[in-house]
Number of protein chains: 2
Amino acid sequence: MNIKLVLKLVGRVLLIEAAALAVPLGVALLYREDPMPFLTAIAVVALCGFGLSALPAQSRFFVREGFVAVGLIWIFTGLVGALPFLLSGWFATPMDAVFESCSGFTTTGSTILTDIEALPKGILFWRAFTHWLGGMGVLVLATAIVPKLGIRSHYLTQAETPGPVFSKLVPKQSQTSKILYSMYFVLTALEVLCLKLAGMPLYDSFIHSFSTAGTGGFSNRNASVGAYGSVTIEMIVTVFMLLFSINFAIYFLLITKKWREALASDELKFFLAVVFGATAVIAVTNLGTYAGIWESLRYTVFQVASIISTTGFGTADFVMWPQFSQLIVVLLMFCGACAGSTGGGMKCSRVLLLLRAIRREVHRITHPRSVEVVKLDGKLVSEATLHTLLVFLGAYVATIFAAALVISLDGQSFAVSFSAALTCVSNVGPGLEAIGPVGNFAGFSGLSKGVMSLCMIAGRLEIFPILVLLSPSTWRKT
Amino acid sequence: MNIKLVLKLVGRVLLIEAAALAVPLGVALLYREDPMPFLTAIAVVALCGFGLSALPAQSRFFVREGFVAVGLIWIFTGLVGALPFLLSGWFATPMDAVFESCSGFTTTGSTILTDIEALPKGILFWRAFTHWLGGMGVLVLATAIVPKLGIRSHYLTQAETPGPVFSKLVPKQSQTSKILYSMYFVLTALEVLCLKLAGMPLYDSFIHSFSTAGTGGFSNRNASVGAYGSVTIEMIVTVFMLLFSINFAIYFLLITKKWREALASDELKFFLAVVFGATAVIAVTNLGTYAGIWESLRYTVFQVASIISTTGFGTADFVMWPQFSQLIVVLLMFCGACAGSTGGGMKCSRVLLLLRAIRREVHRITHPRSVEVVKLDGKLVSEATLHTLLVFLGAYVATIFAAALVISLDGQSFAVSFSAALTCVSNVGPGLEAIGPVGNFAGFSGLSKGVMSLCMIAGRLEIFPILVLLSPSTWRKT
């Protein structure tokens, strides 16, 4: 393990984070708020960054180092990102600040805050900005870096599956990242513009656009997007939540006018089918809760988009919905968005491939002589890829139950412990009962908050980097 | 699809069931109870059996026919087994009787009865006897029939995995079944004897021994095994619940004095480790609930053995335990017993192989050049076997959530809907909250009871026979 080089990389990312902290500092100065939390944080983070990136290191770098680096980058980023929160004095304990920061960078959006609107504008800006940075980070990781490392497909992207993969479309690494950044910028800017035009204050427009882009969910309003009471704003946010849940490679195909290839994506079709299907079924189920089908549709489509995109914004408290609707919400949390997007969850393509693998198994029994393969976008999915995918799904569900076990030490109900673990691993935000859209995560113990923070990172990085970090064999001398 | 031959097979099993109904008829006569429910049921079942087994059929029989036959046999057995219940007048609706019968034959042990002790002795005998028949049925299916069909290992047994497999040990099919029957008889008789000697009435001894043998859980007492208040009885039942959860091939190895081979079983070690680990952790967690460590151990070890063996007897209401203990109980419900036993759940060997597959995946990342294989009992597990196993686990979890979705239409809490689906698919018996060890399944709708009955059968037959039955491709002409 070339730990020095890994820490050097961590140092470089911390330097970027120190630079990023200048943005909320500017916001704090603009609103004449205390700049000290940010100034101190910038000094500490920059110092750590310089120290680590100055480490003398050999250039030996293998896949193992890559996984450890990715894991440690997210952990360190989460830890030092908590500094402004902690220094602001608005967070009761260091663990609370770390939880909020991890929730930000992993684009989860679960909060321990009980009265968001009381906080300074600079702090709330940083909170949403971590979503935006985290979303960009995971996007570049998934679409540009990982496929180049030659790691098998369970990991963050579809490197070996036949779906559209960014790095296959754009040959040069530097070019890939540049195009991605541009698309991410343009889509975010477009949302800011739309929200401003729809009557949202400019500051709020930035906050909500950052949160949408990262599919995070932090709002500067206690009632989240519901606070504006505007159908237009809700529809704009709905559309952008869905846009940021789609594989960015598809946008590249659209830009390069490969329409047919873009629209042939099985994952996209599956994603849209789930969104429409879930919306229709829940809207009908919720008829008793709302005054008529249109009101039911209005609140349902927003919540469905918010959950499947793993954003977590709210305009309605789905904990008050019928149990049937809530169970669909739980299933959407498992499913999540498309691969190669900023969204979390198991990813639509994986759920689709699992269903196809089950169907093939049945077909093998009924037609034992036929040789059937599992396909995506009309192309063969290798057995090795299917294997890593199935192991990933097993590890995903096992992680959720293991985390729920620790969280249950707090003595909260089964629904709370389970949904807390699920929403953190899937990077969604809200859970069931006490931690629903109107609730918050303040009531958990420090241990639970720590485990949930690690779960958010594990989920964001698709489990294996954290398993590699925790595995003794990683640290053994070779 | 050679449906005539399949129905012919179903008919033969119904004839066996008609003969089996003579036993509770005898009990009813012995206790001078109304024999009519049994006489009528025997007439109807025998008539159906004769009719179906007289069907003219070609002898074409493939794996597909085998799966459909297994599925239909369990469905028909469950349906006609409900006749005595329905005719007795003690069950409110036909669906209630079918639920109880399916719960019996699948050795689940969930009940819709609120006052068990009010029922006639003959009916309660039939109820427990269905467990014993179902347990023997699944044992013969798993250890004698399926491995001979050459079906891959996801299905009920470890046909292709290196663990001890009965049919590999005993070459002749007829001999295999005979040895199995003998072992099942002897173990059951031994438990009857032990319970009688410990002071349990003979009738009750039979009931509880039948339930233990099938790892079912039906008792003739409202308070289940707890009604006797005897530590000796509880320990006897605990030991036998664990004995019936172990792969019967291991007993064969012990009988033939292959000690080393028997004790080298990875699954057995894993099973015992889980039993001891869970008991220790829960006993300590429950210290606040009980007066001292011995009382805590007494109730914990019984409940742990009852759940992991998927029996479902109770001496304590685990719904009153701390949430942490309850979550371990939920995990035990997923895990279940050993393959090749009468117990349900995912099976210990599969959970173990999933954990090993995850560990290999991590090892592949940290040591990309080494070729690592997954082993069980020191022998290689083929990639094809691992694949079917992982697909099975995916289908298992998907079935539980799909069933929970339908059950949630009843409007009960998430914990109830989820645990109802889990306990039925894993053939355990009790669930969480309202359907805990002290509760019952009477409050569910007819739809939910129907779905749960199908889930019990699907779980008992390890999902795929029911998927094959429901798949349109099975019924298409070839």
# chains A, B, ... in the order shown; residues from 1 in each chain; ligands from 1
$ interface_residues --of "chain B" --to "chain A" --cutoff "6 Å" --atoms "only C-alpha atoms" --output "number ranges by chain"
B: 64, 323-324, 327, 362, 365-366, 405, 408-409, 411, 415, 468, 474
$ write_last_selection --atoms "all heavy atoms" --output "short mmCIF file (atom, residue, chain, number, x, y, z; two decimals), in the first residue's frame"
data_model
loop_
_atom_site.label_atom_id
_atom_site.label_comp_id
_atom_site.auth_asym_id
_atom_site.auth_seq_id
_atom_site.Cartn_x
_atom_site.Cartn_y
_atom_site.Cartn_z
N ARG B 64 -38.61 -28.88 -16.39
CA ARG B 64 -39.74 -27.96 -16.34
C ARG B 64 -40.95 -28.61 -15.69
O ARG B 64 -41.59 -28.04 -14.81
CB ARG B 64 -40.06 -27.53 -17.77
CG ARG B 64 -41.25 -26.65 -17.91
CD ARG B 64 -41.33 -26.09 -19.31
NE ARG B 64 -41.41 -27.16 -20.31
CZ ARG B 64 -41.78 -26.94 -21.57
NH1 ARG B 64 -42.10 -25.72 -21.97
NH2 ARG B 64 -41.81 -27.90 -22.44
N GLN B 323 -34.99 -3.12 20.85
CA GLN B 323 -34.98 -3.10 19.39
C GLN B 323 -33.76 -3.81 18.80
O GLN B 323 -33.84 -4.46 17.76
CB GLN B 323 -35.03 -1.65 18.88
CG GLN B 323 -36.38 -0.99 19.04
CD GLN B 323 -37.43 -1.57 18.12
OE1 GLN B 323 -37.12 -2.08 17.05
NE2 GLN B 323 -38.68 -1.52 18.53
N PHE B 324 -32.61 -3.67 19.45
CA PHE B 324 -31.38 -4.30 18.97
C PHE B 324 -31.57 -5.82 18.90
O PHE B 324 -31.23 -6.45 17.89
CB PHE B 324 -30.24 -3.93 19.92
CG PHE B 324 -28.90 -4.47 19.53
CD1 PHE B 324 -28.26 -4.03 18.38
CD2 PHE B 324 -28.25 -5.42 20.32
CE1 PHE B 324 -27.01 -4.51 18.02
CE2 PHE B 324 -26.99 -5.91 19.97
CZ PHE B 324 -26.38 -5.46 18.82
N LEU B 327 -33.81 -6.72 16.02
CA LEU B 327 -33.20 -6.67 14.70
C LEU B 327 -32.33 -7.89 14.44
O LEU B 327 -32.25 -8.38 13.31
CB LEU B 327 -32.40 -5.38 14.51
CG LEU B 327 -32.90 -4.66 13.27
CD1 LEU B 327 -32.93 -3.17 13.46
CD2 LEU B 327 -32.15 -5.04 12.04
N VAL B 362 -13.38 -8.11 -2.64
CA VAL B 362 -12.44 -7.17 -2.01
C VAL B 362 -11.02 -7.61 -2.28
O VAL B 362 -10.14 -6.80 -2.62
CB VAL B 362 -12.71 -7.06 -0.49
CG1 VAL B 362 -11.64 -6.24 0.20
CG2 VAL B 362 -14.08 -6.45 -0.24
N ILE B 365 -9.66 -6.75 -5.64
CA ILE B 365 -9.26 -5.36 -5.79
C ILE B 365 -7.88 -5.14 -5.18
O ILE B 365 -7.02 -4.50 -5.78
CB ILE B 365 -10.29 -4.43 -5.11
CG1 ILE B 365 -11.63 -4.51 -5.85
CG2 ILE B 365 -9.80 -2.98 -5.09
CD1 ILE B 365 -12.81 -3.95 -5.07
N THR B 366 -7.67 -5.74 -3.99
CA THR B 366 -6.39 -5.49 -3.33
C THR B 366 -5.27 -6.35 -3.90
O THR B 366 -4.11 -6.00 -3.81
CB THR B 366 -6.51 -5.76 -1.81
OG1 THR B 366 -7.05 -7.07 -1.61
CG2 THR B 366 -7.43 -4.75 -1.16
N LEU B 405 -45.29 -5.21 -0.24
CA LEU B 405 -46.03 -4.14 -0.93
C LEU B 405 -47.52 -4.45 -0.96
O LEU B 405 -48.36 -3.60 -0.62
CB LEU B 405 -45.48 -3.99 -2.35
CG LEU B 405 -46.01 -2.84 -3.19
CD1 LEU B 405 -45.70 -1.50 -2.53
CD2 LEU B 405 -45.42 -2.87 -4.59
N SER B 408 -49.06 -4.31 2.48
CA SER B 408 -49.18 -2.95 3.01
C SER B 408 -50.51 -2.29 2.64
O SER B 408 -50.89 -1.27 3.23
CB SER B 408 -48.02 -2.08 2.52
OG SER B 408 -48.21 -1.72 1.17
N LEU B 409 -51.22 -2.87 1.64
CA LEU B 409 -52.56 -2.36 1.30
C LEU B 409 -53.49 -2.42 2.50
O LEU B 409 -54.47 -1.68 2.58
CB LEU B 409 -53.15 -3.16 0.13
CG LEU B 409 -52.63 -2.80 -1.26
CD1 LEU B 409 -53.05 -3.84 -2.28
CD2 LEU B 409 -53.14 -1.43 -1.68
N GLY B 411 -52.80 -1.43 5.33
CA GLY B 411 -52.61 -0.23 6.12
C GLY B 411 -51.90 -0.44 7.45
O GLY B 411 -51.83 0.47 8.26
N ALA B 415 -43.26 -2.17 9.80
CA ALA B 415 -42.68 -3.34 10.49
C ALA B 415 -43.58 -4.56 10.32
O ALA B 415 -43.08 -5.67 10.11
CB ALA B 415 -42.46 -3.03 11.97
N VAL B 468 -41.61 -20.34 -12.06
CA VAL B 468 -41.81 -21.15 -13.27
C VAL B 468 -43.31 -21.30 -13.54
O VAL B 468 -43.77 -21.15 -14.67
CB VAL B 468 -41.14 -22.53 -13.12
CG1 VAL B 468 -41.58 -23.48 -14.23
CG2 VAL B 468 -39.62 -22.38 -13.14
N THR B 474 -43.48 -20.90 -19.62
CA THR B 474 -43.66 -22.29 -19.22
C THR B 474 -44.82 -22.93 -19.98
O THR B 474 -44.79 -24.12 -20.30
CB THR B 474 -43.96 -22.37 -17.71
OG1 THR B 474 -42.96 -21.64 -17.02
CG2 THR B 474 -44.01 -23.79 -17.21
#
$ atom_distance --atom1 "CA of Leu72 (chain B)" --atom2 "CA of Gly104 (chain B)"
16.1 Å
$ residues_around --residues "region 436-443 of chain B" --least-positions-apart "3" --cutoff "6 Å" --atoms "only C-alpha atoms" --output "tab-separated table (two decimals) with N, CA and C atoms, in the first residue's frame"
chain	number	residue	atom	x	y	z
B	111	THR	N	-50.36	-18.43	12.39
B	111	THR	CA	-51.74	-18.87	12.59
B	111	THR	C	-52.71	-17.70	12.55
B	112	ILE	N	-53.94	-17.97	12.12
B	112	ILE	CA	-54.97	-16.95	12.19
B	112	ILE	C	-55.87	-17.21	13.41
B	317	ASP	N	-42.08	-13.24	24.56
B	317	ASP	CA	-42.56	-12.37	23.49
B	317	ASP	C	-41.42	-11.45	23.06
B	319	VAL	N	-41.16	-9.41	20.89
B	319	VAL	CA	-41.58	-8.07	20.51
B	319	VAL	C	-41.36	-7.08	21.68
B	430	PRO	N	-43.80	-16.27	13.50
B	430	PRO	CA	-44.14	-14.95	14.04
B	430	PRO	C	-43.40	-13.83	13.30
B	431	GLY	N	-43.93	-12.60	13.42
B	431	GLY	CA	-43.28	-11.42	12.87
B	431	GLY	C	-43.06	-10.39	13.96
B	432	LEU	N	-43.07	-9.10	13.59
B	432	LEU	CA	-42.86	-8.03	14.56
B	432	LEU	C	-44.19	-7.40	14.97
B	433	GLU	N	-44.16	-6.62	16.02
B	433	GLU	CA	-45.33	-5.86	16.52
B	433	GLU	C	-46.59	-6.73	16.66
$ residues_around --residues "Ala18 (chain A)" --least-positions-apart "2" --cutoff "9 Å" --atoms "only C-alpha atoms" --output "PyMOL selection string"
chain A and resi 13-16+20-22+41-46+49
$ write_last_selection --atoms "N, CA and C atoms" --output "PDB file, in the first residue's frame"
ATOM      1  N   VAL A  13      -6.868  17.221  -2.956  1.00  0.00           N
ATOM      2  CA  VAL A  13      -8.314  17.460  -2.918  1.00  0.00           C
ATOM      3  C   VAL A  13      -8.652  18.437  -1.795  1.00  0.00           C
ATOM      4  N   LEU A  14      -7.922  18.347  -0.675  1.00  0.00           N
ATOM      5  CA  LEU A  14      -8.167  19.287   0.425  1.00  0.00           C
ATOM      6  C   LEU A  14      -7.840  20.719  -0.015  1.00  0.00           C
ATOM      7  N   LEU A  15      -6.819  20.869  -0.852  1.00  0.00           N
ATOM      8  CA  LEU A  15      -6.502  22.210  -1.364  1.00  0.00           C
ATOM      9  C   LEU A  15      -7.662  22.751  -2.204  1.00  0.00           C
ATOM     10  N   ILE A  16      -8.245  21.873  -3.011  1.00  0.00           N
ATOM     11  CA  ILE A  16      -9.422  22.281  -3.797  1.00  0.00           C
ATOM     12  C   ILE A  16     -10.547  22.692  -2.851  1.00  0.00           C
ATOM     13  N   ALA A  20     -12.605  26.057  -2.482  1.00  0.00           N
ATOM     14  CA  ALA A  20     -14.068  26.084  -2.581  1.00  0.00           C
ATOM     15  C   ALA A  20     -14.686  26.831  -1.412  1.00  0.00           C
ATOM     16  N   LEU A  21     -14.024  26.781  -0.260  1.00  0.00           N
ATOM     17  CA  LEU A  21     -14.542  27.465   0.935  1.00  0.00           C
ATOM     18  C   LEU A  21     -14.558  28.984   0.769  1.00  0.00           C
ATOM     19  N   ALA A  22     -13.819  29.477  -0.209  1.00  0.00           N
ATOM     20  CA  ALA A  22     -13.831  30.920  -0.471  1.00  0.00           C
ATOM     21  C   ALA A  22     -15.211  31.386  -0.941  1.00  0.00           C
ATOM     22  N   ALA A  41     -11.485  27.833   8.864  1.00  0.00           N
ATOM     23  CA  ALA A  41     -11.557  26.556   8.150  1.00  0.00           C
ATOM     24  C   ALA A  41     -10.606  26.558   6.963  1.00  0.00           C
ATOM     25  N   ILE A  42     -10.607  27.670   6.196  1.00  0.00           N
ATOM     26  CA  ILE A  42      -9.728  27.739   5.023  1.00  0.00           C
ATOM     27  C   ILE A  42      -8.275  27.560   5.461  1.00  0.00           C
ATOM     28  N   ALA A  43      -7.897  28.247   6.547  1.00  0.00           N
ATOM     29  CA  ALA A  43      -6.516  28.153   7.026  1.00  0.00           C
ATOM     30  C   ALA A  43      -6.168  26.717   7.405  1.00  0.00           C
ATOM     31  N   VAL A  44      -7.045  26.070   8.175  1.00  0.00           N
ATOM     32  CA  VAL A  44      -6.770  24.702   8.637  1.00  0.00           C
ATOM     33  C   VAL A  44      -6.735  23.725   7.461  1.00  0.00           C
ATOM     34  N   VAL A  45      -7.744  23.825   6.587  1.00  0.00           N
ATOM     35  CA  VAL A  45      -7.836  22.890   5.465  1.00  0.00           C
ATOM     36  C   VAL A  45      -6.659  23.076   4.520  1.00  0.00           C
ATOM     37  N   ALA A  46      -6.317  24.341   4.238  1.00  0.00           N
ATOM     38  CA  ALA A  46      -5.195  24.608   3.336  1.00  0.00           C
ATOM     39  C   ALA A  46      -3.898  24.076   3.937  1.00  0.00           C
ATOM     40  N   GLY A  49      -3.878  20.437   3.631  1.00  0.00           N
ATOM     41  CA  GLY A  49      -3.714  20.136   2.216  1.00  0.00           C
ATOM     42  C   GLY A  49      -2.264  20.280   1.779  1.00  0.00           C
TER      43      GLY A  49
END
$ select_by_dssp --residues "region 72-153 of chain A" --states "alpha helix (DSSP H)" --output "ChimeraX atom specification"
/A:72-81,83-88,94-105,121-140,146-149
$ closest_residue --among "B:Gly344, B:Pro56, B:Pro84, B:Gly11" --to "Leu124 (chain B)" --atoms "only C-alpha atoms"
B:Pro84
$ closest_residue --among "A:Val192, A:Ile255, A:Cys102, A:Ala403" --to "Ser453 (chain A)" --atoms "only C-alpha atoms"
A:Cys102
$ closest_residue --among "A:Phe334, A:Tyr290, A:Phe105, A:Tyr251" --to "Leu180 (chain A)" --atoms "only C-alpha atoms"
A:Tyr251
$ closest_residue --among "B:Thr114, B:Ser53, B:Ser209, B:Gln175" --to "Trp90 (chain B)" --atoms "only C-alpha atoms"
B:Thr114
$ residues_around --residues "Thr93 (chain A)" --least-positions-apart "2" --cutoff "12 Å" --atoms "only C-alpha atoms" --output "JSON list (two decimals) with C-alpha atoms, in the first residue's frame"
[["chain", "number", "residue", "atom", "x", "y", "z"],
["A", 82, "ALA", "CA", -17.54, 20.05, 9.02],
["A", 83, "LEU", "CA", -15.20, 22.79, 10.32],
["A", 85, "PHE", "CA", -20.39, 24.16, 10.77],
["A", 86, "LEU", "CA", -18.62, 23.43, 14.02],
["A", 87, "LEU", "CA", -16.98, 26.87, 14.25],
["A", 88, "SER", "CA", -20.28, 28.61, 13.52],
["A", 89, "GLY", "CA", -21.58, 27.44, 16.88],
["A", 90, "TRP", "CA", -24.88, 26.26, 15.38],
["A", 91, "PHE", "CA", -24.10, 22.59, 15.79],
["A", 95, "MET", "CA", -20.41, 14.58, 15.43],
["A", 96, "ASP", "CA", -23.44, 16.66, 14.38],
["A", 97, "ALA", "CA", -21.24, 18.87, 12.22],
["A", 98, "VAL", "CA", -19.51, 15.83, 10.67],
["A", 99, "PHE", "CA", -22.89, 14.20, 9.98],
["A", 100, "GLU", "CA", -24.14, 17.33, 8.21],
["A", 112, "ILE", "CA", -29.68, 17.08, 12.17],
["A", 113, "LEU", "CA", -30.92, 20.69, 12.10],
["A", 442, "ALA", "CA", -31.14, 15.09, 15.60],
["A", 445, "SER", "CA", -26.91, 8.93, 19.35],
["A", 446, "GLY", "CA", -23.38, 9.92, 18.38],
["A", 449, "LYS", "CA", -24.69, 9.41, 13.53],
["A", 450, "GLY", "CA", -21.14, 8.14, 13.01]]
$ select_by_dssp --residues "region 228-410 of chain A" --states "strand (DSSP E)" --output "list in words"
Lys375, Leu376, Lys379 and Leu380 of chain A
$ write_last_selection --atoms "C-alpha atoms" --output "mmCIF file, in the first residue's frame"
data_model
loop_
_atom_site.group_PDB
_atom_site.id
_atom_site.type_symbol
_atom_site.label_atom_id
_atom_site.label_comp_id
_atom_site.auth_asym_id
_atom_site.auth_seq_id
_atom_site.Cartn_x
_atom_site.Cartn_y
_atom_site.Cartn_z
ATOM 1 C CA LYS A 375 -28.425 -8.222 -22.536
ATOM 2 C CA LEU A 376 -28.487 -4.480 -21.990
ATOM 3 C CA LYS A 379 -25.581 -6.091 -26.220
ATOM 4 C CA LEU A 380 -24.300 -9.046 -24.231
#
